[in-house]
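Below is one structure, written out as C-alpha cells; comments come after it.
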2 protein chains.
Amino acid sequence: MNNEEFRRYGHDFIDWVADYFEQVEEYPVCSTVKPGEIKSALPAKPPVGGEPMKNIFADFQEIIMPGITHWQHPGWFAYFPANNSPASVLAELLTAGLGAQCMIWQTSPAATELEEVVMQWLGKMIGLPENISGVIQDTASTATLCALLTAREKATGFNSNRSGARLPLCVYASEEGHSSIDKAVKIAGYGIESLRHIPTDHNFALSAEELEKAIAEDKSRGLIPACVIGTLGTTSSAAVDPLAEIGEICRRHDLWFHVDAAYGGTAALLDEKRKVLEGAEMFDSFVFNPHKWMLTNFDCSAYFVKDEELLIRTFEIHPEYLKTGRDEEVKNYRDWGVQLGRRFRALKLWFVIRSYGVKGLQEIVREHLRLAGLFKEWVEEDSRFALLAPVNFSLVCFRLTKEGASEEELARLNAALLEKVNATGEVFMTHTSLKGRYAIRMAIGQRTTTEKHVRRAWDLISQSALTL
Amino acid sequence: MNNEEFRRYGHDFIDWVADYFEQVEEYPVCSTVKPGEIKSALPAKPPVGGEPMKNIFADFQEIIMPGITHWQHPGWFAYFPANNSPASVLAELLTAGLGAQCMIWQTSPAATELEEVVMQWLGKMIGLPENISGVIQDTASTATLCALLTAREKATGFNSNRSGARLPLCVYASEEGHSSIDKAVKIAGYGIESLRHIPTDHNFALSAEELEKAIAEDKSRGLIPACVIGTLGTTSSAAVDPLAEIGEICRRHDLWFHVDAAYGGTAALLDEKRKVLEGAEMFDSFVFNPHKWMLTNFDCSAYFVKDEELLIRTFEIHPEYLKTGRDEEVKNYRDWGVQLGRRFRALKLWFVIRSYGVKGLQEIVREHLRLAGLFKEWVEEDSRFALLAPVNFSLVCFRLTKEGASEEELARLNAALLEKVNATGEVFMTHTSLKGRYAIRMAIGQRTTTEKHVRRAWDLISQSALTL
C-alpha cells in the first residue's frame, strides 16, 4: 500500500468513522453474534501475498463489525462508559501517524512535557492539591498496582524490591472495592490473604470503624498494615468511601493512602460535586480515568502521586542503553510505571480538554447527573421497582421486586428482565450483586446519551416488566 | 466540535499524516529542543471555554512538532525501531473511532476472536509449535512480568497469589538480558537479589554451563529455582542465547522457560533465519513485539504460552459485575494479563499482515538484514573501526578505535563521534556498553530505510571520525 492509497483510504475511513458516529444508533448496542461465529469466518492461515485495502476494509465491515459491541452508542448503559469523542479520535490519528515511542524524554520531549502539563491541568480541574505529580497510565488496574508497589516499598524501606516480598504486609479496601485491587495484591506479592475486605455500611461505603478495628487486629497479630485503598465511586453502586476518615486513619498509622476514583473522579470537575473529594487531599496516590467519563479514548488513566521520588525509586532502571545526557534535567516516565515503552497518550487528553474546555466537559457531566436523577425518580415512583443504592453520580442500581419472592427468584426475575431489555438492541445494561441482592446497573455517561435515550430505556424496562 | 467539523479536520489530518510520511526526512530525526522548552510554551491552566480545532491543530504543528523525535524517519537507527505503516495507522483510526473496550468477549466478540486468530497466524508465521495460545500485551515488559508471575505461581503451587511471595525463588537471565526483567522481578516480589545475571560468552550469549552452575548452587543453598529467561536478540548487541540448551536445562530442573524475543522474533519470519528459534519450542512462554520490526503501531506485543490454564489461573478474577452467560464458552482476555481494560489491538495486526502478506513482511526484514550485512562490511573494511559483536540480525555494534587509548578515552571519543553524527539530524543512533566497552549501536529496521540511508549514515560516521 503506497502513500497515495493511504491518503485515499484515509479519507474513506474518516468518512466511515464520521458516518459511524452519525449512525451508531442503528446497530444493536451489544453484538448478537454467537461464540465462534467471527472466528469461523476468518481463514486459519495468513495470506502469503499482500491484499488490497479494498478487501481488508470490506472484511472489516462484513466480518468484524457484526462482532463489535458499540460503546459509543447512546443506549450504552453497561459497566461504566468508555467514551471517545471527535477531538480524541483526531488526536489518536496523529499519535498513530507519528508513531513515536515515548519511553524517555529524548524519544519525544513534547510527549513528556505535554504529559506533565496536561496532568497539572487535570489536577487543577478536579481540585487536587498543588504540588502533586501526574503520569498517564494505561488503566486504573495498572495505577492501583503502582500504588500497591510503592506502598510495599515504603513499608519495607525498599527491601522488597531488593530481597523479595517477604514481610507480612496488609492491605485494606472496602468489600466493594474493584477486582483490580485483588489482582494487584496478588501480582505485587502481598497474597490475597493479606487483603482485608472491610465491611461497608448501608450505603456500600467502607466503614471507618471496621477499618480501624482491622488495622488494630493485624497489628496485634504482628502483621504490618501497609496500604488503604479508598474508593470514590465503586463499580457496583458508585459508593463513596469516607475519604477524610480514611485519610486520618492512614496518617495516624503511617499507611499509604491510595484513592481509586477511576469512575467518580470525573464528577469532581463540577464545583457542586467537589465535596466528594473531601479528604482525598490526604492521598499518597490517586487515580481517575479520563477514558471513562471524560471523552478521552481508552486507554488513558490519570495517576497522581504526592511524592514522585517514592514512585520513581520503586520502578527505576538505569541500563546503559537508555542513558542520555539529559537524564538529570528531565522526567523519564519509563520510571513511573510498569512498562518501558509508552504511547503518546497526552496528546488526546490535550485535544479533549482544549476542544471542550473545562466548561464543556462540566456541562456534559452535569447533564449525565441530571439524567441519572430523573431515572432514579422514575424508579422511585413506580412501586414495582426498588432502588438498591444511593445515586451518588450517574449510576442507578435498581430492580424489579415481587412480594414474597426469595433472593433467588428475584435474581432470576431481574436477569430475565435484563436479558429482555438488552435483547431489543436499543440499550445495554449490566448487573451486579449488592450485599447478595441482584441489581440492574443503569450507568449513564455515554457522551451522546440524551434524555430521549434514558426515557426509552425506562420505557423498555417498565414495559418489559409487564410481560415477564 | 460537531461531526461535520470532525469530518473536515479528519480529512485535513489524513493529508497531514500522508504528507508527514512523505516529508519525514526533512525533520531532524531526534528533536533538538531544550528541556523545558515545550512546557514553557504551554499555558499553566486549561481553557475554560472550548477552542476551535483550528487553534489546537496550529499549536500541535508549532509547539508539539518541534519536540517530536521521529521514529518513522528512515535515518532512525536508534534503540530498536517502533515502526508504524499505512495499514496499521488506518486500523488505529478505526479502533479509535469504534472506541470499544474489549476486556471480555461480550464487550466485542470480534476483538477477542480476531485476536485468537491473528495470534495463531503469528505463531505459524514465525514457526512456533502448534497448540499454543496467544494474547496481545502492550509491551514485552508486561509480557515478561506475566511470565514471571505464572512461573512464581507454578513454582509455589499458586500459594504466592494466596499467601504472598514468601518463598526464596530464583530467576535466571543473561547479564545481557533486558532491564524489564530486573523490573519485573522486583514487581512480582522475587526481589532483585533473586535474579542471577548469568555470565555470557564472547558472543554475549548466556553460558549454559554457568546457568547449570548457578542453578546447582542455589539448590544446594536451599533456594528454589523457578524461571529462566532466554533472550533471542539482546538489546545491546542482538545476541542469541542457546535456547535449546536452556530449554533442556529447564526441562531437567522443571523450571519455567520464558523466551524474550521482543526484537529478534520478527527475524523468524524468514526461513533462512528460522534456526534462531531452535530450542525455543521448549518454551513455556514466548514474547515478541510486532510493534518493533513488524510494522504494527506501538503498542502490540505478542505473548504466547504453552499452557493457557496456568496463565489464566494466575490472573483470573470473577466479580459479579463482569459475569456473563457466555463465560464458559469463550475466552475472556481480561484474565490473560495485568490490566482489565483492553484496546482492540488485534485489528492493526490483522491489517498489517493482510496488507503486506507474509511475503511482503519477509522482504522488508530480509532487506534490513542485507543492509546490516553491508554496514558490517564497511566497518570491517575500515581499519579505524572495530566491530564489537556478531551481527545476528540487523543491529551492528561498533566503535572507532585508537591505538593505546584506554577504555575511558575510547568511551569519550565514541560518545563525541555519536554526538557529532546525531547532531546532523540526518540519523539517530544510540550507544551501549558491551562487557565494559562503549559501543555505538546501528539498529537498522525502520520500514522506509533504504541502502541510501545506510550509506549516508556510514559516510557521516566515517567523515566525522576524521575531524574528531
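In the C-alpha cells, chains take the letters A, B, ... in the order shown, each chain's residues start at 1, and ligands count up from 1 in the order shown.
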Tell me, as a compact mmCIF listing (two decimals) with C-alpha atoms, in the first residue's frame, which residues lie within 9 Å of stretch 297-305 of chain A, counting only C-alpha atoms; anything in the same chain fewer than 3 positions away does not count.
# COMPACT_ATOMS: atom_id res chain seq x y z
CA ALA A 82 -15.50 4.27 27.74
CA ASN A 83 -16.11 7.40 25.76
CA ASN A 84 -14.28 8.62 22.77
CA SER A 85 -15.01 11.97 21.14
CA SER A 88 -9.89 12.47 20.87
CA VAL A 89 -10.14 10.33 17.74
CA GLU A 92 -5.29 9.30 18.17
CA MET A 119 -1.63 16.26 34.19
CA LEU A 122 -6.24 17.75 35.22
CA GLY A 123 -5.25 18.02 38.85
CA ILE A 132 1.43 16.80 43.09
CA SER A 133 2.90 14.92 40.17
CA GLY A 134 0.97 13.17 37.46
CA VAL A 135 1.62 10.43 34.97
CA ILE A 136 -0.65 8.76 32.46
CA GLN A 137 -1.08 5.03 32.95
CA ASP A 138 -2.99 2.72 30.66
CA THR A 139 -5.61 1.61 33.14
CA ALA A 140 -6.62 2.00 36.75
CA THR A 142 -2.02 -0.65 36.45
CA ALA A 143 -2.24 2.53 38.52
CA THR A 144 -3.50 0.64 41.54
CA ALA A 147 0.24 2.31 44.29
CA ALA A 262 -11.47 5.64 38.31
CA PHE A 283 -3.90 10.79 49.46
CA ASP A 284 -0.48 9.42 48.67
CA SER A 285 -1.74 8.31 45.26
CA PHE A 286 -4.91 8.94 43.31
CA VAL A 287 -6.23 7.52 40.06
CA PHE A 288 -9.06 8.54 37.80
CA ASN A 289 -9.80 7.56 34.23
CA PRO A 290 -10.36 10.24 31.62
CA HIS A 291 -11.05 7.27 29.35
CA LYS A 292 -14.26 6.57 31.17
CA MET A 294 -14.09 12.36 30.23
CA GLU A 308 7.23 11.27 42.90
CA LEU A 310 8.96 7.16 46.01
CA LEU A 311 7.28 6.15 42.76
CA ARG A 345 -1.21 9.49 25.26
CA ALA A 346 -1.02 13.09 26.45
CA LYS A 348 -5.54 13.11 23.09
CA LEU A 349 -6.06 14.44 26.59
CA ALA B 96 -10.14 4.82 17.90
CA GLY B 97 -13.40 5.54 16.07
CA GLY B 99 -13.78 3.15 20.87
CA ALA B 100 -14.59 -0.37 22.02
CA GLN B 101 -13.12 -1.51 25.32
CA GLY B 341 -9.39 -2.86 30.23
CA ARG B 342 -8.17 -3.70 26.73
CA ARG B 343 -7.96 -1.84 23.44
Which residues come within 12 Å of B:Asp241, counting only C-alpha atoms, excluding same-chain residues fewer than 5 positions away, as a tab-separated table (two decimals) with N, CA and C atoms, in the first residue's frame?
chain	number	residue	atom	x	y	z
B	173	ALA	N	18.68	-15.09	34.11
B	173	ALA	CA	18.71	-14.48	32.78
B	173	ALA	C	20.14	-14.08	32.51
B	174	SER	N	20.45	-13.89	31.27
B	174	SER	CA	21.81	-13.48	30.93
B	174	SER	C	22.10	-12.09	31.47
B	175	GLU	N	23.35	-11.82	31.70
B	175	GLU	CA	23.74	-10.49	32.16
B	175	GLU	C	23.41	-9.44	31.09
B	176	GLU	N	23.14	-9.91	29.88
B	176	GLU	CA	22.73	-9.01	28.80
B	176	GLU	C	21.21	-8.95	28.66
B	177	GLY	N	20.49	-9.62	29.54
B	177	GLY	CA	19.02	-9.60	29.49
B	177	GLY	C	18.48	-8.19	29.65
B	198	ILE	N	23.44	-14.30	34.64
B	198	ILE	CA	24.37	-15.35	34.21
B	198	ILE	C	25.40	-14.77	33.22
B	199	PRO	N	26.65	-15.06	33.45
B	199	PRO	CA	27.69	-14.54	32.54
B	199	PRO	C	27.46	-15.00	31.10
B	200	THR	N	27.98	-14.21	30.19
B	200	THR	CA	27.83	-14.53	28.77
B	200	THR	C	29.18	-14.89	28.18
B	201	ASP	N	29.11	-15.53	27.02
B	201	ASP	CA	30.35	-15.88	26.32
B	201	ASP	C	30.81	-14.68	25.49
B	202	HIS	N	31.81	-14.91	24.64
B	202	HIS	CA	32.37	-13.79	23.87
B	202	HIS	C	31.38	-13.26	22.82
B	203	ASN	N	30.30	-14.02	22.59
B	203	ASN	CA	29.25	-13.52	21.68
B	203	ASN	C	28.10	-12.86	22.45
B	204	PHE	N	28.32	-12.67	23.72
B	204	PHE	CA	27.29	-12.04	24.57
B	204	PHE	C	26.05	-12.91	24.74
B	205	ALA	N	26.24	-14.21	24.51
B	205	ALA	CA	25.14	-15.16	24.72
B	205	ALA	C	25.34	-15.85	26.06
B	206	LEU	N	24.22	-16.10	26.71
B	206	LEU	CA	24.26	-16.77	28.03
B	206	LEU	C	25.06	-18.07	27.95
B	207	SER	N	25.86	-18.29	28.95
B	207	SER	CA	26.61	-19.54	29.03
B	207	SER	C	25.77	-20.58	29.74
B	208	ALA	N	25.43	-21.64	29.01
B	208	ALA	CA	24.59	-22.70	29.58
B	208	ALA	C	25.30	-23.36	30.76
B	211	LEU	N	24.86	-21.27	33.71
B	211	LEU	CA	23.47	-21.37	34.16
B	211	LEU	C	23.30	-22.62	35.02
B	228	VAL	N	13.79	-19.43	34.00
B	228	VAL	CA	14.93	-18.97	33.21
B	228	VAL	C	14.39	-18.17	32.03
B	229	ILE	N	15.01	-17.02	31.81
B	229	ILE	CA	14.62	-16.21	30.66
B	229	ILE	C	15.76	-16.24	29.64
B	230	GLY	N	15.46	-16.79	28.48
B	230	GLY	CA	16.42	-16.79	27.39
B	230	GLY	C	16.09	-15.66	26.43
B	231	THR	N	17.13	-15.01	25.93
B	231	THR	CA	16.87	-13.88	25.05
B	231	THR	C	17.26	-14.20	23.62
B	232	LEU	N	16.35	-13.85	22.72
B	232	LEU	CA	16.61	-14.03	21.30
B	232	LEU	C	16.77	-12.62	20.73
B	233	GLY	N	17.99	-12.15	20.77
B	233	GLY	CA	18.24	-10.79	20.31
B	233	GLY	C	18.29	-9.81	21.47
B	234	THR	N	19.41	-9.77	22.17
B	234	THR	CA	19.51	-8.86	23.31
B	234	THR	C	19.50	-7.40	22.84
B	246	ILE	N	19.21	-24.15	27.00
B	246	ILE	CA	18.44	-23.62	28.14
B	246	ILE	C	17.15	-24.42	28.31
B	247	GLY	N	16.52	-24.72	27.18
B	247	GLY	CA	15.28	-25.50	27.23
B	247	GLY	C	15.50	-26.84	27.91
B	258	HIS	N	11.02	-18.92	29.78
B	258	HIS	CA	10.44	-17.78	29.06
B	258	HIS	C	11.45	-17.29	28.02
B	259	VAL	N	10.97	-17.08	26.81
B	259	VAL	CA	11.85	-16.57	25.76
B	259	VAL	C	11.48	-15.12	25.45
B	260	ASP	N	12.46	-14.23	25.62
B	260	ASP	CA	12.28	-12.82	25.28
B	260	ASP	C	12.85	-12.59	23.89
B	261	ALA	N	11.95	-12.62	22.90
B	261	ALA	CA	12.36	-12.42	21.51
B	261	ALA	C	11.79	-11.10	21.01
B	264	GLY	N	14.18	-9.91	18.21
B	264	GLY	CA	14.64	-10.95	17.29
B	264	GLY	C	13.54	-11.82	16.71
B	276	VAL	N	17.25	-19.60	14.38
B	276	VAL	CA	17.47	-18.91	15.67
B	276	VAL	C	16.47	-19.37	16.71
B	277	LEU	N	15.35	-19.92	16.23
B	277	LEU	CA	14.32	-20.37	17.17
B	277	LEU	C	14.59	-21.77	17.70
B	278	GLU	N	15.66	-22.38	17.23
B	278	GLU	CA	15.95	-23.76	17.63
B	278	GLU	C	15.94	-23.87	19.17
B	279	GLY	N	15.15	-24.74	19.65
B	279	GLY	CA	15.06	-24.91	21.10
B	279	GLY	C	13.95	-24.07	21.70
B	280	ALA	N	13.57	-23.04	20.98
B	280	ALA	CA	12.53	-22.16	21.53
B	280	ALA	C	11.22	-22.91	21.69
B	392	ASN	N	23.93	-10.66	14.31
B	392	ASN	CA	22.98	-11.77	14.18
B	392	ASN	C	21.72	-11.38	13.41
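Using only C-alpha atoms, the smallest distance between any of B:Glu5, B:Asp182, B:Asp254, B:Glu37 and A:His318 comes from B:Asp182.
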(request) For B:Lys331, list every protein, DNA or RNA residue within 8 Å, evaluated using only C-alpha atoms, and leave out those in the same chain fewer than 4 positions away; present the list as a PyMOL selection string. (result) chain B and resi 104-105+112+327
Would you export the selected residues with C-alpha atoms as a PDB file, in the first residue's frame, please?
ATOM      1  CA  ILE B 104     -14.234  -9.532  27.807  1.00  0.00           C
ATOM      2  CA  TRP B 105     -15.724 -11.413  24.899  1.00  0.00           C
ATOM      3  CA  THR B 112     -11.489 -11.430  21.154  1.00  0.00           C
ATOM      4  CA  ASP B 327     -18.088 -17.170  30.238  1.00  0.00           C
TER       5      ASP B 327
END
(request) Apply DSSP to the backbone of this structure and, from stretch 91-337 of chain B, keep only the residues in helix (DSSP H, G or I); write these as a ChimeraX atom specification. (result) /B:91-98,105-107,109-125,140-155,159-163,179-187,192-194,208-220,243-253,264-269,271-277,280-282,290-293,308-315,320-322,333-336
(request) Rank B:Glu403, B:Glu381, B:Glu113, B:Glu426 by their smallest atom-to-atom distance to chain A, using only C-alpha atoms, and report the top residue only. (result) B:Glu113
(message) Taking only C-alpha atoms into account, name the residue in A:Ser163, A:Thr450, A:Thr467, A:Asn131 that is nearest to chain B.
(response)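 Looking only at the distances to chain B, the closest residue turns out to be A:Ser163.
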